[in-house]
Amino acid sequence: MKSYQLNNQNLAKFKDQVAIPTYDRSQVKTGIVHVGIGGFHRAHQALYTDQLLHQPNNSDWGICGVALLEFDLKIYQTLKDQDGLYTLVVKELDGTFTKRIVGAITECLFAPENPSKVIEKMASEEVKIITLTITEGGYNYNEATGAFDATNPQIQHDIENPFAPKTIFGYLTQALKVRKEKGLKGITIQSCDNIQGNGHMTQKMLLSYVQLAEPTLVTWIENNVSFPNSMVDRITPATAPTDIESLKETSGIEDAWPVVCEPFKQWVIEDDFVNGRPAWETVGAQFAKDVVPYEKMKLSLLNAGHSVLGILGALIGYNTIDEVVHNKNISTFLKGYMDDEVTATLGTLEGVDLEVYKKSLIERFGNSNIKDQIDRICSESSAKIPIFILPTVNAQLKDKVKIKHAAFVLAAWAIYSIGKDEKGNDLSIKDALKITLQEKAIQAQNNPKVFLEIETVFGDLSKNEAFVKAFENAYKSIVEQGVENCVVAINNTL
Ligand code: CS2
């Protein structure tokens, strides 16, 4: 099949192959600045927004995508070369692919190249919402102190260089300052990251930064900026080179960075927007008064489930999540964790059948077209585990003591962090805390508890005797018998 480079000029050439934007992209105004234009944003919010832009009278909600870090240069360049266009490939359960070119990102900026342009855009009148996917680690939160980490050198840099910031906090503060000075209306800052109370977290961290950098702005932010919480969901593995090739071969689209994802998607948003919002509910999002219970459910079951499968699977030597979940022993262990340890901590969730939800997760994890990479799941575990797993552990330790599965997974993570799987193959660990993790993991070989003493991850968990005991027992048995034998033994006790 003849192929063409994906861009505005060639767009119409693809219309017989895949769905393309049929609205006039040149007429779309930028109502949203989004920071973090990775795969998840493009499979989720940008898709909802693209669907909305197809409806009449919605042209105010185009997205300006901001690449914040040096590391994001490639995605910025790709989207720039493709006029913001990219292909979303939904890998259905039956093995078919549904493809669509998404046009909601109408502008792109690379922050390190031009910080003032980003600030100017965030502070422009037409922009009503700033959305974020800056990852769990991007919020600069210290698990040990529960507070903003003001000692981070990047934060110090931003305080000293307000016009050339590096972190999201520097950008937001400067943009809000300009909005205030211009006498503009307030703005909504909406986190779309996997964090419990992601809006509250954003508000708390931003205000802590502003208190240090621009204290006179605090009151204006308190009165003019809202931070809705939201629960976001769609499994979006990293794009593989074969995804790029097969798109070119089957649809004639030369897209340097398509996005692949599962069919399921969900977005529950707290309806707290100070300066208007898109009618995302008309394209499948749900607006709710309180999304915290939904976030808790999703983080403690789906995301934690991913970490359980990822860590155990990596040690055994698997590469993808579907492979691990198809191992009956591991999926029984995961079910045991969900039923025995997580469910009781979730309280009642109106309108949600938890049994159905848990079953659907096992099915989604098992989608063998998705081939979600264990490497992706295990990356940045030091930021994920405090959000996905520790809230369950802490809740259990408060009144009940069902911690067997969680202690086992954390012990497995301590062994994983040494850097070898059970067959002796190297594991590629991607983690901001990699050096600390590895150092403690090596010391833990003689005294497992040392690993739990990494306070920025575990807080004061190492002071809990019951947990330390379960962790040490699990560690010892994994070393002696291997992950799978231990899992079978735990499954047999249920
Ligand atoms: C994953 C998430 O990063 C992870 O560990 O659990 O990226 C997950 O795929 C998404 O949150 C699904 O909504």
# chains A, B, ... in the order shown; residues from 1 in each chain; ligands from 1
$ residues_near_ligand --ligand "ligand 1" --cutoff "8 Å" --atoms "only C-alpha atoms and all ligand atoms" --output "list of chain:residue names"
A:Phe40, A:Asp193, A:Asn194, A:Val232, A:Asp233, A:Arg234, A:Ile235, A:Thr236, A:Pro237, A:Lys265, A:Leu299, A:Leu302, A:Asn303, A:Ala304, A:Gly305, A:His306, A:Ser307, A:Arg376, A:Ile377, A:Cys378, A:Ser379, A:Ser381, A:Lys384
$ closest_atom_pairs --of "range 330-405 of chain A" --to "range 461-478 of chain A" --cutoff "12 Å" --atoms "only C-alpha atoms" --output "JSON lines"
{"residue": "A:Pro386", "atom": "CA", "partner": "A:Leu461", "partner_atom": "CA", "distance": 10.9}
{"residue": "A:Leu390", "atom": "CA", "partner": "A:Leu461", "partner_atom": "CA", "distance": 9.1}
{"residue": "A:Pro391", "atom": "CA", "partner": "A:Leu461", "partner_atom": "CA", "distance": 11.3}
{"residue": "A:Val393", "atom": "CA", "partner": "A:Phe467", "partner_atom": "CA", "distance": 8.7}
{"residue": "A:Asn394", "atom": "CA", "partner": "A:Leu461", "partner_atom": "CA", "distance": 8.4}
{"residue": "A:Gln396", "atom": "CA", "partner": "A:Phe467", "partner_atom": "CA", "distance": 10.3}
{"residue": "A:Leu397", "atom": "CA", "partner": "A:Phe467", "partner_atom": "CA", "distance": 8.0}
{"residue": "A:Lys398", "atom": "CA", "partner": "A:Asn464", "partner_atom": "CA", "distance": 10.8}
{"residue": "A:Lys400", "atom": "CA", "partner": "A:Ala466", "partner_atom": "CA", "distance": 11.3}
{"residue": "A:Val401", "atom": "CA", "partner": "A:Ala466", "partner_atom": "CA", "distance": 8.2}
{"residue": "A:Lys402", "atom": "CA", "partner": "A:Phe467", "partner_atom": "CA", "distance": 9.7}
{"residue": "A:Ile403", "atom": "CA", "partner": "A:Phe467", "partner_atom": "CA", "distance": 7.2}
{"residue": "A:Lys404", "atom": "CA", "partner": "A:Ala470", "partner_atom": "CA", "distance": 6.5}
{"residue": "A:His405", "atom": "CA", "partner": "A:Ala474", "partner_atom": "CA", "distance": 9.1}
$ write_last_selection --atoms "N, CA, C and O atoms" --output "PDB file, in the first residue's frame"
ATOM      1  N   PRO A 386       3.699   3.794  46.966  1.00  0.00           N
ATOM      2  CA  PRO A 386       3.053   4.558  48.051  1.00  0.00           C
ATOM      3  C   PRO A 386       1.609   4.959  47.723  1.00  0.00           C
ATOM      4  O   PRO A 386       0.814   5.183  48.623  1.00  0.00           O
ATOM      5  N   LEU A 390       0.415   1.069  49.428  1.00  0.00           N
ATOM      6  CA  LEU A 390       0.535   1.382  50.854  1.00  0.00           C
ATOM      7  C   LEU A 390      -0.756   1.870  51.520  1.00  0.00           C
ATOM      8  O   LEU A 390      -0.994   1.555  52.695  1.00  0.00           O
ATOM      9  N   PRO A 391      -1.641   2.586  50.820  1.00  0.00           N
ATOM     10  CA  PRO A 391      -2.897   2.969  51.499  1.00  0.00           C
ATOM     11  C   PRO A 391      -3.691   1.749  51.972  1.00  0.00           C
ATOM     12  O   PRO A 391      -4.282   1.763  53.046  1.00  0.00           O
ATOM     13  N   VAL A 393      -2.331  -1.191  52.803  1.00  0.00           N
ATOM     14  CA  VAL A 393      -1.582  -1.738  53.938  1.00  0.00           C
ATOM     15  C   VAL A 393      -1.885  -0.920  55.202  1.00  0.00           C
ATOM     16  O   VAL A 393      -2.212  -1.468  56.266  1.00  0.00           O
ATOM     17  N   ASN A 394      -1.815   0.410  55.064  1.00  0.00           N
ATOM     18  CA  ASN A 394      -2.027   1.255  56.240  1.00  0.00           C
ATOM     19  C   ASN A 394      -3.439   1.112  56.788  1.00  0.00           C
ATOM     20  O   ASN A 394      -3.643   1.085  58.004  1.00  0.00           O
ATOM     21  N   GLN A 396      -5.333  -1.563  56.488  1.00  0.00           N
ATOM     22  CA  GLN A 396      -5.414  -2.888  57.100  1.00  0.00           C
ATOM     23  C   GLN A 396      -4.747  -2.875  58.478  1.00  0.00           C
ATOM     24  O   GLN A 396      -5.240  -3.491  59.414  1.00  0.00           O
ATOM     25  N   LEU A 397      -3.606  -2.183  58.577  1.00  0.00           N
ATOM     26  CA  LEU A 397      -2.882  -2.202  59.847  1.00  0.00           C
ATOM     27  C   LEU A 397      -3.634  -1.435  60.940  1.00  0.00           C
ATOM     28  O   LEU A 397      -3.413  -1.661  62.121  1.00  0.00           O
ATOM     29  N   LYS A 398      -4.539  -0.556  60.530  1.00  0.00           N
ATOM     30  CA  LYS A 398      -5.291   0.223  61.511  1.00  0.00           C
ATOM     31  C   LYS A 398      -6.266  -0.639  62.304  1.00  0.00           C
ATOM     32  O   LYS A 398      -6.262  -0.665  63.508  1.00  0.00           O
ATOM     33  N   LYS A 400      -7.712  -4.014  60.853  1.00  0.00           N
ATOM     34  CA  LYS A 400      -7.621  -5.450  60.579  1.00  0.00           C
ATOM     35  C   LYS A 400      -6.140  -5.739  60.342  1.00  0.00           C
ATOM     36  O   LYS A 400      -5.338  -4.836  60.357  1.00  0.00           O
ATOM     37  N   VAL A 401      -5.801  -6.981  60.117  1.00  0.00           N
ATOM     38  CA  VAL A 401      -4.370  -7.206  59.880  1.00  0.00           C
ATOM     39  C   VAL A 401      -4.139  -8.127  58.698  1.00  0.00           C
ATOM     40  O   VAL A 401      -3.301  -9.011  58.737  1.00  0.00           O
ATOM     41  N   LYS A 402      -4.881  -7.890  57.627  1.00  0.00           N
ATOM     42  CA  LYS A 402      -4.693  -8.734  56.459  1.00  0.00           C
ATOM     43  C   LYS A 402      -3.650  -8.087  55.548  1.00  0.00           C
ATOM     44  O   LYS A 402      -3.963  -7.189  54.769  1.00  0.00           O
ATOM     45  N   ILE A 403      -2.457  -8.538  55.702  1.00  0.00           N
ATOM     46  CA  ILE A 403      -1.344  -7.893  55.004  1.00  0.00           C
ATOM     47  C   ILE A 403      -0.458  -8.907  54.296  1.00  0.00           C
ATOM     48  O   ILE A 403       0.588  -8.550  53.769  1.00  0.00           O
ATOM     49  N   LYS A 404      -0.892 -10.168  54.283  1.00  0.00           N
ATOM     50  CA  LYS A 404      -0.026 -11.238  53.786  1.00  0.00           C
ATOM     51  C   LYS A 404       0.402 -11.026  52.325  1.00  0.00           C
ATOM     52  O   LYS A 404       1.575 -11.103  51.984  1.00  0.00           O
ATOM     53  N   HIS A 405      -0.589 -10.724  51.471  1.00  0.00           N
ATOM     54  CA  HIS A 405      -0.275 -10.559  50.047  1.00  0.00           C
ATOM     55  C   HIS A 405       0.590  -9.326  49.817  1.00  0.00           C
ATOM     56  O   HIS A 405       1.575  -9.375  49.078  1.00  0.00           O
TER      57      HIS A 405
END
$ select_by_dssp --residues "range 344-432 of chain A" --states "alpha helix (DSSP H)" --output "VMD selection string"
chain A and resid 354 to 365 374 to 378 381 to 388 390 to 399 404 to 416
$ residues_around --residues "Asn10 in chain A" --least-positions-apart "4" --cutoff "12 Å" --atoms "only C-alpha atoms" --output "ChimeraX atom specification"
/A:3-6,14-15,20,82-83,85,101,252-255
$ closest_atom_pairs --of "range 62-165 of chain A" --to "range 219-231 of chain A" --cutoff "10 Å" --atoms "only C-alpha atoms" --output "Markdown table"
| residue | atom | partner | partner_atom | distance |
| --- | --- | --- | --- | --- |
| A:Ile129 | CA | A:Ser226 | CA | 9.5 |
| A:Ile130 | CA | A:Phe227 | CA | 9.8 |
| A:Thr131 | CA | A:Phe227 | CA | 9.8 |
$ atom_distance --atom1 "CA of Glu270 in chain A" --atom2 "CA of Glu341 in chain A"
27.6 Å
$ closest_residue --among "A:Glu120, A:Glu136, A:Glu125, A:Glu350" --to "Tyr171 in chain A" --atoms "only C-alpha atoms"
A:Glu120
$ select_by_dssp --residues "range 135-245 of chain A" --states "strand (DSSP E or B)" --output "PyMOL selection string"
chain A and resi 141-142+147-148+187-191+225-226+230-233
$ atom_distance --atom1 "CA of Pro115 in chain A" --atom2 "CA of Arg179 in chain A"
16.1 Å
$ closest_residue --among "A:Ile269, A:Val33, A:Val450, A:Ile159" --to "Glu214 in chain A" --atoms "only C-alpha atoms"
A:Ile159
